[in-house]
Amino acid sequence: MKITKFGGSSLANAFQIQKVCNIVLSDEDRKVMVVSAPGKRTKDDTKVTDLLIAVAKARLAGESYKDDLDKVIARYEEIADELGIKQVMPDIIERLSSIAAADYTDDIKYLDSVKAMGEDCCARLVAFYLTNEGHKAKYCNPAECGLYLKHDAAGKAVILDETYTNLAKLKDDTDSLLVFPGFYGVSKDNEIITFSRGGSDITGSILAAALNAEVYENWTDVDNVFAVNPNLVKNPFPITEITYDEMRELSYAGFSVLHEEAIYPVFKNGIPLNIRNTNNPSAKGTWIVSKRSHYDSLVTGIAGDKGFCTVTVSKYMMNRQVGFLAALLKIFSDEAISIDHIPSGIDTVTIVLRKKYFTPEKEAIIVERIKNELGCKVSVDRDLAIVMIVGEAMANSVGIMARAASALSNAGINLRIVNQGASEISMMFGVSESYCSYAVRVLYKELFRY
Ligand code: ASP
């Protein structure tokens, strides 16, 4: 069985929806399709999810949300009209209107319930269309199927273990094509919880794992994942194959083809993930696998991401103080802040973390505690980008760090942090945010010799 997931650009209008349905119907192993909300039709268009967020925000602010809701309805109306299924609209309008107008006690829960309607209505519409065209298709409700989520301490949606056993039961249902809305699940109290943006990728991955699929096909609008962001380099090298580990490192540092959390469910179950292009289904796409069959290049990909900061803690004779690092890290964990890297020297240790979690309020508390409880000097720098060079084939090859570092130094880029793990799958450089894209270009030029 193959699980397919289609992104917003693949569902943006009636023409795209027809393409998507043809893709699914062209292979009888494609039994489950996960859909996003309709995305942008043109560069300047607005995604349905963003329109829904505007609806919810207007309501929460006590303002009229009618105009925004009308825009959402108009998007579905246009699609239904062109697909010749106007009959589906009364149900969609009723659902959208009643969710938007529902009573609420919690702003976040209300926002989630409205946001999720983009995928929910899209799945209902696609299932209706397929049935209307004479195919056996069924809309699946995540609540009825038992896609259970909860919020962790930081407010992030996490999957409950029983979700996998619940969704495995869909195997008995595959005489119909199952159309599943992405992006959301429910709490045990039946309240809608959404993943973070782009989260339909996670739904597809959970279903592939639960149903032990042969492959998870993630259909988007590019032929391949590229070795570097195509907005930075012209015609970049395509990646035909990449491991989960490599992909995870690249997603961490800004590769945005796939949601970062979508890799784990398929990785855990060894299910290959194939990124494909809805607009060019004959392209083989990029395969994400646990073990590679070939290497097209020494380096698989290069990525860079802004938005990091460093907290540097110094104390004379720090290396002699037993338990110092544990005490330091406890302060961050008490404040529910996760840490990304910890480069250290004998009398200094630097904590690298994402700025968006290390708010100025958290900074004030943590810095004060480090000074008072550990008696250290502390300095915070909020201007750091991380650049990663990733590739399994780099392990045991000599000289890549030297080439990368000298290319960066010849370009006048100061390296603030350098880190290479013992697994040798990646090298990380910390540079000023203003150098992020430039550093990626310089490294690509050096390592891909274009
Ligand atoms: N529709 C949601 C978003 O725009 C989720 C998704 O497309 O995966 O982020």
# chains A, B, ... in the order shown; residues from 1 in each chain; ligands from 1
>>> select_by_dssp(residues="range 125-372 of chain A", states="alpha helix (DSSP H)", output="MDAnalysis selection string")
chainID A and resid 125:132 142:145 162:168 200:210 244:252 263:268 324:334 360:372
>>> residues_near_ligand(ligand="ligand 1", cutoff="9 Å", atoms="only C-alpha atoms and all ligand atoms", output="PyMOL selection string")
chain A and resi 6-9+35-39+47-50+115-116+118-119+182-184+194-203+259
>>> select_by_dssp(residues="range 267-329 of chain A", states="strand (DSSP E or B)", output="JSON, numbers by chain")
{"A": [273, 274, 275, 276, 277, 286, 287, 288, 289, 301, 302, 303, 304, 305, 306, 307, 308, 309, 310, 311, 312, 313, 314]}
>>> atom_distance(atom1="CA of Asp29 in chain A", atom2="CA of Asp296 in chain A")
29.6 Å
>>> closest_residue(among="A:Asn396, A:Ala209, A:Pro230, A:Thr4", to="Asn166 in chain A", atoms="only C-alpha atoms")
A:Ala209
>>> residues_around(residues="Val32 in chain A", least_positions_apart="2", cutoff="7 Å", atoms="only C-alpha atoms", output="list of chain:residue names")
A:Ile3, A:Thr4, A:Arg30, A:Val34, A:Leu177, A:Leu178, A:Val179
>>> write_last_selection(atoms="C-alpha atoms", output="compact mmCIF listing (two decimals), in the first residue's frame")
# COMPACT_ATOMS: atom_id res chain seq x y z
CA ILE A 3 0.22 6.59 1.22
CA THR A 4 0.07 9.81 -0.79
CA ARG A 30 -2.39 4.32 -3.70
CA VAL A 34 -3.80 12.99 2.72
CA LEU A 177 -9.96 5.24 -1.54
CA LEU A 178 -9.53 7.00 1.79
CA VAL A 179 -9.28 10.79 1.78
>>> residues_around(residues="Cys21 in chain A", least_positions_apart="5", cutoff="12 Å", atoms="only C-alpha atoms", output="PyMOL selection string")
chain A and resi 4-6+10-11+14-16+26-28+30-35+83+123+125-131+133+135+137+177-179+219+278
>>> closest_atom_pairs(of="range 234-329 of chain A", to="range 440-446 of chain A", cutoff="9 Å", atoms="only C-alpha atoms", output="CSV")
residue,atom,partner,partner_atom,distance
A:Pro236,CA,A:Tyr444,CA,9.0
A:Gly301,CA,A:Tyr444,CA,8.5
A:Ile302,CA,A:Val440,CA,6.5
A:Ala303,CA,A:Val440,CA,6.4
A:Gly304,CA,A:Val440,CA,6.3
>>> write_last_selection(atoms="all heavy atoms", output="PDB file, in the first residue's frame")
ATOM      1  N   PRO A 236      20.466  24.354  -9.011  1.00  0.00           N
ATOM      2  CA  PRO A 236      21.294  23.574  -8.091  1.00  0.00           C
ATOM      3  C   PRO A 236      21.233  22.075  -8.373  1.00  0.00           C
ATOM      4  O   PRO A 236      20.313  21.596  -9.048  1.00  0.00           O
ATOM      5  CB  PRO A 236      20.694  23.891  -6.718  1.00  0.00           C
ATOM      6  CG  PRO A 236      19.329  24.368  -6.971  1.00  0.00           C
ATOM      7  CD  PRO A 236      19.285  24.945  -8.361  1.00  0.00           C
ATOM      8  N   GLY A 301      24.005  17.942   0.777  1.00  0.00           N
ATOM      9  CA  GLY A 301      23.308  19.230   0.743  1.00  0.00           C
ATOM     10  C   GLY A 301      23.941  20.241   1.680  1.00  0.00           C
ATOM     11  O   GLY A 301      24.704  19.890   2.586  1.00  0.00           O
ATOM     12  N   ILE A 302      23.617  21.499   1.431  1.00  0.00           N
ATOM     13  CA  ILE A 302      24.122  22.599   2.268  1.00  0.00           C
ATOM     14  C   ILE A 302      22.935  23.493   2.614  1.00  0.00           C
ATOM     15  O   ILE A 302      22.146  23.839   1.732  1.00  0.00           O
ATOM     16  CB  ILE A 302      25.190  23.424   1.515  1.00  0.00           C
ATOM     17  CG1 ILE A 302      26.357  22.507   1.109  1.00  0.00           C
ATOM     18  CG2 ILE A 302      25.686  24.585   2.371  1.00  0.00           C
ATOM     19  CD1 ILE A 302      27.363  23.174   0.192  1.00  0.00           C
ATOM     20  N   ALA A 303      22.799  23.828   3.885  1.00  0.00           N
ATOM     21  CA  ALA A 303      21.654  24.654   4.284  1.00  0.00           C
ATOM     22  C   ALA A 303      22.083  25.681   5.320  1.00  0.00           C
ATOM     23  O   ALA A 303      23.089  25.491   6.008  1.00  0.00           O
ATOM     24  CB  ALA A 303      20.556  23.767   4.874  1.00  0.00           C
ATOM     25  N   GLY A 304      21.324  26.741   5.409  1.00  0.00           N
ATOM     26  CA  GLY A 304      21.633  27.761   6.412  1.00  0.00           C
ATOM     27  C   GLY A 304      20.348  28.306   7.007  1.00  0.00           C
ATOM     28  O   GLY A 304      19.348  28.439   6.303  1.00  0.00           O
TER      29      GLY A 304
END
>>> atom_distance(atom1="CA of Asn224 in chain A", atom2="CA of Met428 in chain A")
24.0 Å
